[in-house]
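Structure first, commentary second.
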Amino acid sequence: MRPMKEEDPTLRPSDSYVQSFARGLEVIRSFGAATPRQTLTEVAEATGMTRAGARRILLTLQTLGYVRVEGRLFALTPRILDLGFAYLSSMPVWNLAQPVMDALVEQTHESCSIAVLDGQDVVYVLRVHTHKIMSTNLGMGSRLPSFWTSLGRVLLAELPAQELQPLLDGRDRTLFTRFTLQDDAQLLAELAQVRAQGWCMLNQELEEGLTSIAAPIHNASGQVVAAMNISGQANRTTPEVMQAQLLPQLLQAAGRVSGLMGYQAGRVIGSKLALR
């Protein structure tokens with residue numbers, strides 16, 4: 001579980017910020033794959049709250065059906081999924097994208113995902129598996145560091161400099177593998193290349209053995225609002241094979257999803273595939 005981030009007072013309105021609501025969200029976010037069940041003390045420590053404050057929020061969530069109690073342990077209930085599905089249902093294009101992704105996975109025999117950018121992370125909103133290729137079990141709502149995923153680099157490449165620079169300065173400095181790119185100048189050069197060609201290839205920077213390739217998804221206004229990728233094992237699907245054989249299919253699929261969102265460009269940037 002990631003440590004709870006300190007609140008930035010410059011980001012919250014002084015006269016309309018509801019602190020109790022914000023703390024309730026912090027309690028929810030304190031649960032995760034590593035901490036599916038927690039004691040009251042553990043929740044209080046994870047969120048920086050007093051035991052009394054954490055207890056009030058947990059009991060409120062229990063009353064609303066979002067938390068259950070198992071002896072001294074608290075755990076989220078399936079109802080918590082309603083909060084995430086509210087976002088997904090508010091953007092019906094994700095439902096329309098599912099058949100496109102299913103067809104792409106059938107064609108390529110590789111896993112396919114769609115993600116959006118949220119601060120330093122990409123958040124998965126749709127995923128179609130073929131088989132497990134990462135040590136982390138990814139699904140809807142999963143987060144990965146944006147600078148070291150093909151999805152993230154596609155999305156970061158579209159940000160204006162004044163938005164990109166703070167993310168670059170505050171990014172994770174972890175060397176995930178021996179291939180992880182960390183130099184600022186190299187990262188900016190990589191993002192510039194992604195922006196110019198309209199797609200991104202990532203080769204084992206986040207996890208050794210994992211390669212992926214991603215393309216942007218545009219809305220009706222032409223803005224890049226999400227990215228789609230396919231990922232595979234480097235010893236089975238090399239970067240050369242991905243680019244030569246799988247990239248055209250990915251670009252076509254991403255273009256179809258963009259079309260479902262009302263995007264009508266003449267063609268996909270960086271490819272010879274005309275959008276139909």
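Chain identifiers are assigned as A, B, and so on, following the order in which chains appear in the structure tokens; residues are numbered from 1 within each chain, and ligands are numbered from 1 in order of appearance.
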Would you mind listing, for every residue of region 51-137 of chain A within 10 Å of region 27-34 of chain A, the two atoms forming the shortest contact and the distance between them in Å to one decimal, using only C-alpha atoms, sorted by chain and ascending residue number, as CSV?
residue,atom,partner,partner_atom,distance
A:Ala54,CA,A:Val27,CA,7.4
A:Arg55,CA,A:Val27,CA,10.0
A:Ile57,CA,A:Val27,CA,7.5
A:Leu58,CA,A:Val27,CA,7.6
A:Leu61,CA,A:Ile28,CA,8.9
A:Tyr66,CA,A:Ile28,CA,8.9
A:Val67,CA,A:Ile28,CA,8.9
A:Phe74,CA,A:Phe31,CA,9.4
A:Ala75,CA,A:Phe31,CA,7.6
A:Leu76,CA,A:Phe31,CA,7.5
A:Ile80,CA,A:Ile28,CA,8.6
A:Asn137,CA,A:Ala33,CA,9.8
Store the residues picked out above in a file with C-alpha atoms, as a PDB file, in the first residue's frame.
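Below is the file result_33.pdb, written as the result:
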ATOM      1  CA  ALA A  54     -11.341   6.788  12.096  1.00  0.00           C
ATOM      2  CA  ARG A  55     -13.927   4.846  14.110  1.00  0.00           C
ATOM      3  CA  ILE A  57     -15.958   7.136   9.607  1.00  0.00           C
ATOM      4  CA  LEU A  58     -15.709   3.347   9.592  1.00  0.00           C
ATOM      5  CA  LEU A  61     -19.363   3.411   6.066  1.00  0.00           C
ATOM      6  CA  TYR A  66     -19.582  -0.018   2.234  1.00  0.00           C
ATOM      7  CA  VAL A  67     -17.674  -1.628   5.127  1.00  0.00           C
ATOM      8  CA  PHE A  74     -12.791  -3.923   9.033  1.00  0.00           C
ATOM      9  CA  ALA A  75     -13.070  -4.721   5.323  1.00  0.00           C
ATOM     10  CA  LEU A  76     -14.695  -3.147   2.290  1.00  0.00           C
ATOM     11  CA  ILE A  80     -17.756  -0.006  -2.796  1.00  0.00           C
ATOM     12  CA  ASN A 137      -2.737  -8.870 -11.144  1.00  0.00           C
TER      13      ASN A 137
END
Run DSSP on the backbone and tell me which residues of region 43-216 of chain A come out as helix (DSSP H, G or I); list them as a compact mmCIF listing (two decimals) with C-alpha atoms, in the first residue's frame.
# COMPACT_ATOMS: atom_id res chain seq x y z
CA VAL A 43 -6.73 2.50 9.63
CA ALA A 44 -5.98 5.41 11.96
CA GLU A 45 -2.23 5.04 11.36
CA ALA A 46 -2.62 4.72 7.59
CA THR A 47 -4.73 7.87 7.34
CA ARG A 51 -8.75 6.39 16.52
CA ALA A 52 -11.98 8.18 17.42
CA GLY A 53 -12.13 9.93 14.05
CA ALA A 54 -11.34 6.79 12.10
CA ARG A 55 -13.93 4.85 14.11
CA ARG A 56 -16.69 7.35 13.31
CA ILE A 57 -15.96 7.14 9.61
CA LEU A 58 -15.71 3.35 9.59
CA LEU A 59 -19.00 2.98 11.43
CA THR A 60 -20.64 5.44 9.03
CA LEU A 61 -19.36 3.41 6.07
CA GLN A 62 -20.62 0.26 7.78
CA THR A 63 -24.07 1.76 8.22
CA PRO A 78 -18.65 -5.22 -2.86
CA ARG A 79 -20.90 -2.16 -2.65
CA ILE A 80 -17.76 -0.01 -2.80
CA LEU A 81 -17.60 -0.94 -6.50
CA ASP A 82 -20.62 1.30 -7.03
CA LEU A 83 -18.35 4.32 -6.61
CA GLY A 84 -16.05 3.22 -9.41
CA PHE A 85 -18.82 2.03 -11.66
CA ALA A 86 -20.45 5.44 -11.34
CA TYR A 87 -17.49 6.83 -13.29
CA LEU A 88 -17.54 4.04 -15.84
CA SER A 89 -21.29 4.29 -16.39
CA SER A 90 -21.04 8.06 -16.81
CA VAL A 93 -18.04 4.74 -24.54
CA TRP A 94 -16.19 2.26 -22.32
CA ASN A 95 -19.06 -0.16 -22.81
CA LEU A 96 -18.87 0.44 -26.56
CA ALA A 97 -15.10 -0.12 -26.49
CA GLN A 98 -15.39 -3.62 -25.03
CA PRO A 99 -16.25 -5.38 -28.34
CA VAL A 100 -13.37 -3.56 -30.05
CA MET A 101 -10.96 -4.78 -27.39
CA ASP A 102 -12.37 -8.32 -27.51
CA ALA A 103 -11.77 -8.38 -31.27
CA LEU A 104 -8.22 -7.05 -30.87
CA VAL A 105 -7.35 -9.69 -28.29
CA GLU A 106 -8.81 -12.36 -30.57
CA GLN A 107 -6.61 -11.11 -33.42
CA THR A 108 -3.39 -10.57 -31.53
CA SER A 146 2.54 6.70 -15.74
CA PHE A 147 6.14 7.38 -16.81
CA TRP A 148 6.93 3.67 -17.07
CA SER A 150 3.22 2.73 -22.61
CA LEU A 151 -0.28 3.93 -21.71
CA GLY A 152 1.12 6.60 -19.43
CA ARG A 153 3.65 7.92 -21.91
CA VAL A 154 0.98 8.30 -24.58
CA LEU A 155 -1.09 10.37 -22.15
CA LEU A 156 1.83 12.34 -20.73
CA ALA A 161 4.70 21.79 -20.61
CA GLN A 162 3.30 23.60 -17.57
CA GLU A 163 1.39 20.45 -16.57
CA LEU A 164 4.05 17.94 -17.53
CA GLN A 165 7.00 19.52 -15.72
CA PRO A 166 5.57 19.19 -12.15
CA LEU A 167 4.82 15.52 -12.84
CA LEU A 168 8.34 15.00 -14.16
CA ASP A 169 9.84 16.70 -11.11
CA ASP A 184 14.95 13.85 -17.35
CA ALA A 185 16.26 14.75 -20.78
CA GLN A 186 15.82 11.21 -22.07
CA LEU A 187 12.28 11.02 -20.74
CA LEU A 188 11.35 14.33 -22.38
CA ALA A 189 12.92 13.18 -25.65
CA GLU A 190 10.96 9.94 -25.44
CA LEU A 191 7.69 11.83 -24.86
CA ALA A 192 8.44 14.12 -27.79
CA GLN A 193 8.94 11.08 -30.02
CA VAL A 194 5.69 9.55 -28.77
CA ARG A 195 3.86 12.80 -29.51
CA ALA A 196 5.30 12.94 -33.02
CA GLN A 197 4.64 9.33 -34.01
**OP:** In Å, rounded to a single decimal, give me how far CA of Leu126 (chain A) is from CA of Ser142 (chain A).
**Re:**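 Distance between the two atoms: 9.9 Å.
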Subject >> Distance of CA of Gln243 (chain A) from CA of Arg178 (chain A), expressed in Å to one decimal place >> reply: 22.2 Å
Subject >> Residue list (strand (DSSP E), DSSP) for region 98-276 of chain A, as JSON, numbers by chain >> reply: {"A": [111, 112, 113, 114, 115, 116, 117, 118, 121, 122, 123, 124, 125, 126, 127, 128, 143, 144, 145, 200, 201, 202, 203, 210, 211, 212, 213, 214, 215, 216, 217, 218, 224, 225, 226, 227, 228, 229, 230, 231, 232, 233]}
Original post:
Hey, which of A:Ser113, A:Gln252, A:Gln223, A:Ser212 ends up closest to Glu158 (chain A)? Count only C-alpha atoms.
Top reply: A:Gln223
**OP:** Please provide the set of residues having any atom within 9 Å of region 230-242 of chain A, restricted to only C-alpha atoms, with same-chain residues fewer than 2 positions apart removed, written as a list in words.
**Re:**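 Listing them by chain and then by number gives Leu104, Val105, Thr108, His109, Glu110, Ser111, Cys112, Ser113, Ile133, Met134, Met201, Leu202, Asn203, Gln204, Glu208, Gly209, Leu210, Thr211, Ser212, Ile213, Ala214, Met228, Ala244, Gln245, Leu246, Leu247 and Leu250 of chain A.
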Original post:
Closest to His218 (chain A) among A:Arg23, A:Arg127, A:Arg68, A:Arg256, using only C-alpha atoms?
Top reply: A:Arg256
Original post:
Which residue, A:Pro248, A:Thr77, A:Thr130, A:Asp118, has the smallest gap to Gly65 (chain A) when you use only C-alpha atoms?
Top reply: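 Looking at the shortest contact to Gly65 (chain A), the residue is A:Thr77.
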Original post:
In Å, how far is it from CA of Asp183 (chain A) to CA of Gly198 (chain A)?
Top reply: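 That distance, rounded to one decimal, is 22.1 Å.
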Subject >> Long-range neighbours of Asp121 (chain A) as a PyMOL selection string, 7 Å cut-off, only C-alpha atoms, 4 positions minimum in chain >> reply: chain A and resi 117+143-146
Create the file for the chosen residues now, containing N, CA, C and O atoms and written as a compact mmCIF listing (two decimals), in the first residue's frame.
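Saved file out-v5.txt follows:
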# COMPACT_ATOMS: atom_id res chain seq x y z
N LEU A 117 -5.28 8.99 -17.33
CA LEU A 117 -4.24 9.57 -16.49
C LEU A 117 -4.85 10.18 -15.24
O LEU A 117 -5.84 10.91 -15.31
N ARG A 143 -3.67 0.76 -10.64
CA ARG A 143 -2.83 1.91 -10.93
C ARG A 143 -1.39 1.46 -11.18
O ARG A 143 -0.90 0.55 -10.52
N LEU A 144 -0.76 2.13 -12.15
CA LEU A 144 0.66 1.92 -12.40
C LEU A 144 1.30 3.29 -12.64
O LEU A 144 0.61 4.22 -13.08
N PRO A 145 2.60 3.42 -12.38
CA PRO A 145 3.26 4.71 -12.59
C PRO A 145 3.26 5.10 -14.06
O PRO A 145 3.70 4.33 -14.92
N SER A 146 2.79 6.31 -14.35
CA SER A 146 2.54 6.70 -15.74
C SER A 146 3.80 6.78 -16.59
O SER A 146 3.77 6.45 -17.78
